[in-house]
$ cat coords30.tsv   # TSV, C-alpha atoms
chain	number	residue	atom	x	y	z
A	96	MET	CA	-17.65	-19.07	11.93
A	97	LYS	CA	-17.71	-15.31	11.58
A	98	ILE	CA	-15.10	-13.08	9.98
A	99	THR	CA	-14.90	-9.38	9.22
A	100	LEU	CA	-14.24	-8.80	5.54
A	101	ARG	CA	-12.70	-5.51	4.36
A	102	LEU	CA	-12.47	-4.54	0.71
A	103	PHE	CA	-10.42	-1.80	-0.86
A	104	SER	CA	-10.05	0.00	-4.18
A	105	VAL	CA	-11.29	-2.05	-7.17
A	106	ALA	CA	-12.38	-4.93	-4.94
A	107	ARG	CA	-14.72	-2.63	-3.04
A	108	ASP	CA	-16.11	-1.22	-6.27
A	109	LEU	CA	-16.77	-4.73	-7.63
A	110	ALA	CA	-18.42	-6.00	-4.44
A	111	GLY	CA	-20.28	-2.81	-3.61
A	112	PHE	CA	-19.38	-2.79	0.06
A	113	ARG	CA	-16.47	-1.69	2.20
A	114	GLU	CA	-16.78	-3.88	5.27
A	115	GLN	CA	-19.05	-6.73	6.26
A	116	THR	CA	-19.30	-9.36	8.95
A	117	MET	CA	-19.65	-12.65	7.15
A	118	GLU	CA	-20.58	-16.19	8.15
A	119	ILE	CA	-18.28	-18.67	6.39
A	120	PRO	CA	-17.96	-22.46	6.70
A	121	ALA	CA	-15.58	-23.81	9.34
A	122	GLY	CA	-12.32	-24.92	7.74
A	123	SER	CA	-12.37	-22.11	5.16
A	124	ARG	CA	-9.06	-20.90	3.80
A	125	ALA	CA	-7.99	-17.50	2.47
A	126	ALA	CA	-8.64	-18.46	-1.16
A	127	ASN	CA	-12.26	-19.34	-0.32
A	128	ILE	CA	-12.96	-15.66	0.30
A	129	LEU	CA	-12.21	-14.93	-3.34
A	130	GLU	CA	-14.54	-17.76	-4.40
A	131	ILE	CA	-17.32	-16.27	-2.30
A	132	LEU	CA	-16.76	-12.85	-3.89
A	133	GLN	CA	-16.59	-14.42	-7.34
A	134	ASP	CA	-19.96	-16.12	-6.78
A	135	ARG	CA	-21.45	-12.70	-6.08
A	136	ASN	CA	-19.71	-10.95	-8.96
A	137	PRO	CA	-18.02	-13.06	-11.68
A	138	LYS	CA	-15.78	-10.09	-12.55
A	139	PHE	CA	-13.69	-10.97	-9.50
A	140	ALA	CA	-12.26	-13.83	-11.56
A	141	GLU	CA	-10.20	-11.29	-13.54
A	142	TRP	CA	-8.49	-10.23	-10.31
A	143	GLN	CA	-8.00	-13.64	-8.76
A	144	HIS	CA	-4.27	-13.75	-9.48
A	145	ALA	CA	-3.59	-10.12	-8.73
A	146	VAL	CA	-5.13	-9.65	-5.30
A	147	ARG	CA	-3.53	-10.59	-2.01
A	148	ILE	CA	-5.34	-11.54	1.15
A	149	ALA	CA	-4.35	-10.15	4.53
A	150	VAL	CA	-5.51	-11.72	7.77
A	151	ASN	CA	-5.26	-9.60	10.89
A	152	GLN	CA	-3.12	-7.13	8.92
A	153	GLU	CA	-0.62	-9.65	7.61
A	154	TYR	CA	-0.33	-11.00	4.07
A	155	VAL	CA	-1.11	-14.72	3.95
A	156	SER	CA	-0.88	-17.46	1.34
A	157	ASN	CA	-3.98	-18.83	-0.35
A	158	ASP	CA	-4.09	-21.95	1.84
A	159	HIS	CA	-3.94	-20.01	5.10
A	160	PRO	CA	-6.65	-21.38	7.42
A	161	LEU	CA	-9.17	-18.82	8.64
A	162	HIS	CA	-10.43	-18.67	12.21
A	163	ASP	CA	-13.50	-17.31	13.94
A	164	GLY	CA	-13.10	-13.57	14.52
A	165	ASP	CA	-10.43	-13.07	11.86
A	166	ASP	CA	-10.11	-9.70	10.20
A	167	VAL	CA	-9.76	-10.51	6.50
A	168	ALA	CA	-8.83	-7.90	3.91
A	169	VAL	CA	-8.81	-8.19	0.14
A	170	ILE	CA	-5.79	-6.23	-1.11
A	171	PRO	CA	-5.89	-5.42	-4.84
A	172	PRO	CA	-2.59	-4.44	-6.48
A	173	VAL	CA	-1.29	-1.56	-4.42
A	174	SER	CA	-0.42	1.77	-6.03
A	175	GLY	CA	0.94	3.98	-3.30
A	176	GLY	CA	3.89	6.29	-3.75
B	225	MET	CA	9.41	7.17	12.10
B	226	VAL	CA	6.52	6.37	9.83
B	227	GLU	CA	3.38	8.42	9.38
B	228	ILE	CA	0.20	8.72	7.37
B	229	THR	CA	-1.21	12.21	6.95
B	230	HIS	CA	-4.25	13.77	5.32
B	231	SER	CA	-2.64	17.16	4.82
B	232	THR	CA	0.24	18.74	2.90
B	233	ILE	CA	3.61	17.12	3.61
B	234	ASP	CA	6.16	19.59	4.97
B	235	VAL	CA	9.36	18.39	3.28
B	236	GLN	CA	11.57	20.98	4.96
B	237	SER	CA	10.42	19.90	8.40
B	238	ILE	CA	11.16	16.24	7.53
B	239	VAL	CA	14.67	17.18	6.41
B	240	GLY	CA	15.05	18.92	9.77
B	241	THR	CA	13.92	15.75	11.56
B	242	VAL	CA	16.58	13.57	9.90
B	243	THR	CA	19.35	16.14	10.21
B	244	ASN	CA	21.89	15.46	12.94
B	245	SER	CA	25.55	16.14	13.50
B	246	GLU	CA	26.71	12.50	13.24
B	247	SER	CA	25.40	12.18	9.68
B	248	GLY	CA	27.36	13.02	6.57
B	249	ALA	CA	24.50	12.26	4.17
B	250	ILE	CA	20.78	12.86	3.89
B	251	ASP	CA	18.87	11.31	1.04
B	252	VAL	CA	15.30	12.44	0.36
B	253	PHE	CA	12.84	10.92	-2.09
B	254	ILE	CA	9.71	12.94	-2.89
B	255	GLY	CA	6.94	11.28	-4.88
B	256	THR	CA	4.73	13.87	-6.58
B	257	THR	CA	1.54	13.85	-8.62
B	258	ARG	CA	2.40	13.87	-12.34
B	259	ASN	CA	-0.05	15.76	-14.52
B	260	ASN	CA	-0.27	12.96	-17.10
B	261	SER	CA	-0.72	9.20	-17.25
B	262	ASP	CA	-0.50	7.15	-20.45
B	263	GLY	CA	-0.95	10.33	-22.45
B	264	ARG	CA	-4.02	11.52	-20.54
B	265	GLY	CA	-4.12	14.71	-18.54
B	266	VAL	CA	-4.30	14.10	-14.78
B	267	LEU	CA	-5.84	16.72	-12.51
B	268	SER	CA	-5.19	15.05	-9.17
B	269	LEU	CA	-4.77	11.72	-7.45
B	270	MET	CA	-6.97	10.43	-4.65
B	271	TYR	CA	-5.21	8.08	-2.23
B	272	GLU	CA	-6.79	5.65	0.19
B	273	ALA	CA	-5.21	3.12	2.53
B	274	TYR	CA	-5.89	0.26	4.84
B	275	GLU	CA	-4.40	2.54	7.43
B	276	PRO	CA	-3.48	0.30	10.38
B	277	MET	CA	-1.92	-2.30	8.08
B	278	ALA	CA	-0.18	0.38	6.00
B	279	LEU	CA	1.42	1.84	9.13
B	280	LYS	CA	2.39	-1.63	10.34
B	281	ILE	CA	4.13	-2.52	7.09
B	282	MET	CA	5.80	0.89	6.84
B	283	ALA	CA	7.21	0.32	10.36
B	284	GLU	CA	8.39	-3.18	9.35
B	285	LEU	CA	10.14	-1.68	6.31
B	286	GLU	CA	11.86	0.87	8.54
B	287	ASP	CA	13.03	-1.95	10.84
B	288	GLU	CA	14.31	-3.93	7.87
B	289	ALA	CA	16.16	-0.92	6.44
B	290	ARG	CA	17.74	-0.22	9.82
B	291	SER	CA	18.87	-3.83	10.12
B	292	ARG	CA	20.44	-3.79	6.63
B	293	TRP	CA	22.14	-0.40	6.73
B	294	ASN	CA	23.63	1.74	9.44
B	295	LEU	CA	21.10	4.58	9.46
B	296	HIS	CA	20.81	7.47	11.85
B	297	ARG	CA	17.28	8.70	11.23
B	298	VAL	CA	14.48	7.48	9.00
B	299	VAL	CA	11.21	9.23	8.11
B	300	VAL	CA	8.56	7.78	5.80
B	301	VAL	CA	5.39	9.84	5.33
B	302	HIS	CA	2.52	9.05	2.96
B	303	ARG	CA	-0.35	11.42	2.30
B	304	LEU	CA	-3.96	10.27	1.75
B	305	GLY	CA	-6.92	12.02	0.16
B	306	VAL	CA	-6.68	14.31	-2.84
B	307	VAL	CA	-3.16	15.25	-3.95
B	308	GLU	CA	-3.07	17.86	-6.71
B	309	ALA	CA	-0.55	17.86	-9.56
B	310	ALA	CA	2.99	18.73	-8.42
B	311	GLU	CA	2.15	18.12	-4.74
B	312	ALA	CA	3.95	15.44	-2.74
B	313	SER	CA	2.16	12.20	-1.94
B	314	VAL	CA	5.10	10.46	-0.29
B	315	VAL	CA	8.40	11.47	1.27
B	316	VAL	CA	11.21	9.16	2.36
B	317	ALA	CA	14.15	10.74	4.16
B	318	VAL	CA	17.17	8.90	5.51
B	319	SER	CA	20.35	10.09	7.20
B	320	SER	CA	23.56	8.13	7.62
B	321	ALA	CA	27.29	8.62	7.99
B	322	HIS	CA	28.00	8.15	4.28
B	323	ARG	CA	25.95	8.60	1.13
B	324	LYS	CA	25.86	4.97	-0.04
B	325	GLU	CA	23.78	3.73	2.90
B	326	ALA	CA	21.45	6.70	2.60
B	327	PHE	CA	20.90	6.20	-1.16
B	328	ASP	CA	20.46	2.42	-0.87
B	329	ALA	CA	18.11	2.58	2.11
B	330	CYS	CA	16.02	5.36	0.58
B	331	ARG	CA	15.58	3.40	-2.64
B	332	PHE	CA	14.76	0.20	-0.76
B	333	LEU	CA	12.12	2.01	1.31
B	334	ILE	CA	10.29	3.61	-1.61
B	335	ASP	CA	10.52	0.48	-3.80
B	336	ARG	CA	9.12	-1.77	-1.08
B	337	LEU	CA	6.49	0.79	-0.08
B	338	LYS	CA	5.22	0.79	-3.64
B	339	ARG	CA	5.17	-3.01	-3.71
B	340	ASP	CA	3.74	-3.94	-0.31
B	341	VAL	CA	2.07	-1.10	1.56
B	342	PRO	CA	-1.74	-1.23	1.16
B	343	ILE	CA	-2.31	2.19	-0.35
B	344	TRP	CA	-4.20	2.82	-3.57
B	345	LYS	CA	-4.50	5.81	-5.87
B	346	LYS	CA	-7.36	6.80	-8.12
B	347	GLU	CA	-6.49	9.02	-11.05
B	348	ARG	CA	-8.80	11.97	-11.71
B	349	PHE	CA	-8.45	13.04	-15.30
B	350	VAL	CA	-8.95	16.49	-16.78
B	351	ASP	CA	-11.95	15.18	-18.74
B	352	GLY	CA	-13.73	14.46	-15.45
B	353	SER	CA	-13.36	10.67	-15.48
B	354	GLU	CA	-11.72	8.63	-12.71
B	355	LYS	CA	-9.82	5.35	-12.67
B	356	TRP	CA	-8.06	3.23	-10.06
B	357	SER	CA	-4.40	3.08	-10.99
B	358	VAL	CA	-3.97	-0.69	-11.02
B	359	SER	CA	-2.40	-3.36	-13.10
B	360	LYS	CA	-3.78	-6.87	-12.85
B	361	ALA	CA	-0.23	-8.18	-12.99
B	362	THR	CA	1.36	-5.85	-10.47
B	363	ASN	CA	1.50	-8.12	-7.46
B	364	GLN	CA	2.13	-11.50	-8.96
B	365	GLU	CA	5.80	-11.56	-8.07
B	366	SER	CA	5.34	-10.05	-4.65
B	367	THR	CA	5.61	-11.88	-1.37
B	368	GLY	CA	2.38	-13.50	-0.35
B	369	ALA	CA	0.58	-13.15	-3.66
B	370	LEU	CA	-2.13	-15.73	-4.13
B	371	LYS	CA	-1.07	-18.37	-6.59

$ encode --input "coords30.tsv" --output "structure tokens"
Amino acid sequence: MKITLRLFSVARDLAGFREQTMEIPAGSRAANILEILQDRNPKFAEWQHAVRIAVNQEYVSNDHPLHDGDDVAVIPPVSGG
Amino acid sequence: MVEITHSTIDVQSIVGTVTNSESGAIDVFIGTTRNNSDGRGVLSLMYEAYEPMALKIMAELEDEARSRWNLHRVVVVHRLGVVEAAEASVVVAVSSAHRKEAFDACRFLIDRLKRDVPIWKKERFVDGSEKWSVSKATNQESTGALK
């Protein structure tokens, strides 16, 4: 299945891209996105417990099932204000 | 009302927006760029956001504040892009009949904005270097953090 992956702040810097359509295995869950990113850049491991995942603009838990067409965002610790 | 802007925030105009004759209190929080961070000189901050989600969560926070306190008007504005030292990056303004609701709601809104709204700042130091202002521990206690 296909998802759109959006990265922000430090996550974007680590991955080297802002937005990408990505083919992922059926049955993938939110946490699998971090594993995919970690495979590409091991430095993601340092952020594993700090980042949140948002699906279709809502924060989800790590076992949230992903669906074809989902808009998935990696949200590093926010620092607005 | 929640808003994201790329230009200077007009605080006086926001105060005007929340002013009304039923209110006895207006509380305004203004977050500004501090010219130092951990002892280093800061020239400016550069803010970016996941804009549609940021606006969505800001609107949810307004709804939650309105359900918890009896508020007359609420304005939350966050600026993106480069914000120079002493300039405002965020303004929260709340009006209510009495000061307690206004103080409590204003504090709730800025605290939750800083915890949950997907906005990030990069510090630009006087020595020319740049750094995302992040702590690897920041979000661990927040709702929805990956465990």

$ closest_residue --input "coords30.tsv" --among "A:Ala140, A:Val146, A:Val169, A:Met117" --to "chain B" --atoms "all atoms listed in the file"
A:Val146

$ atom_distance --input "coords30.tsv" --atom1 "CA of Ser353 in chain B" --atom2 "CA of Leu267 in chain B"
10.1 Å

$ interface_residues --input "coords30.tsv" --of "chain A" --to "chain B" --cutoff "6 Å" --atoms "all atoms listed in the file" --output "mmCIF file with C-alpha atoms, in the coordinates of the input"
data_model
loop_
_atom_site.group_PDB
_atom_site.id
_atom_site.type_symbol
_atom_site.label_atom_id
_atom_site.label_comp_id
_atom_site.auth_asym_id
_atom_site.auth_seq_id
_atom_site.Cartn_x
_atom_site.Cartn_y
_atom_site.Cartn_z
ATOM 1 C CA ALA A 145 -3.590 -10.120 -8.730
ATOM 2 C CA ARG A 147 -3.530 -10.590 -2.010
ATOM 3 C CA GLN A 152 -3.120 -7.130 8.920
ATOM 4 C CA TYR A 154 -0.330 -11.000 4.070
ATOM 5 C CA VAL A 155 -1.110 -14.720 3.950
ATOM 6 C CA SER A 156 -0.880 -17.460 1.340
ATOM 7 C CA ASN A 157 -3.980 -18.830 -0.350
ATOM 8 C CA PRO A 172 -2.590 -4.440 -6.480
ATOM 9 C CA VAL A 173 -1.290 -1.560 -4.420
ATOM 10 C CA SER A 174 -0.420 1.770 -6.030
ATOM 11 C CA GLY A 175 0.940 3.980 -3.300
ATOM 12 C CA GLY A 176 3.890 6.290 -3.750
#

$ residues_around --input "coords30.tsv" --residues "Leu295 in chain B" --least-positions-apart "6" --cutoff "12 Å" --atoms "only C-alpha atoms" --output "MDAnalysis selection string"
chainID B and resid 242:244 246:251 286:289 317:330

$ residues_around --input "coords30.tsv" --residues "range 121-138 of chain A" --least-positions-apart "2" --cutoff "8 Å" --atoms "all atoms listed in the file" --output "mmCIF file with C-alpha atoms, in the frame of the given file"
data_model
loop_
_atom_site.group_PDB
_atom_site.id
_atom_site.type_symbol
_atom_site.label_atom_id
_atom_site.label_comp_id
_atom_site.auth_asym_id
_atom_site.auth_seq_id
_atom_site.Cartn_x
_atom_site.Cartn_y
_atom_site.Cartn_z
ATOM 1 C CA MET A 96 -17.650 -19.070 11.930
ATOM 2 C CA LEU A 109 -16.770 -4.730 -7.630
ATOM 3 C CA ALA A 110 -18.420 -6.000 -4.440
ATOM 4 C CA ILE A 119 -18.280 -18.670 6.390
ATOM 5 C CA ALA A 140 -12.260 -13.830 -11.560
ATOM 6 C CA GLU A 141 -10.200 -11.290 -13.540
ATOM 7 C CA TRP A 142 -8.490 -10.230 -10.310
ATOM 8 C CA GLN A 143 -8.000 -13.640 -8.760
ATOM 9 C CA ILE A 148 -5.340 -11.540 1.150
ATOM 10 C CA VAL A 155 -1.110 -14.720 3.950
ATOM 11 C CA SER A 156 -0.880 -17.460 1.340
ATOM 12 C CA ASN A 157 -3.980 -18.830 -0.350
ATOM 13 C CA ASP A 158 -4.090 -21.950 1.840
ATOM 14 C CA HIS A 159 -3.940 -20.010 5.100
ATOM 15 C CA PRO A 160 -6.650 -21.380 7.420
ATOM 16 C CA LEU A 161 -9.170 -18.820 8.640
ATOM 17 C CA HIS A 162 -10.430 -18.670 12.210
ATOM 18 C CA LEU B 370 -2.130 -15.730 -4.130
#

$ atom_distance --input "coords30.tsv" --atom1 "CA of Thr229 in chain B" --atom2 "CA of Glu311 in chain B"
13.5 Å
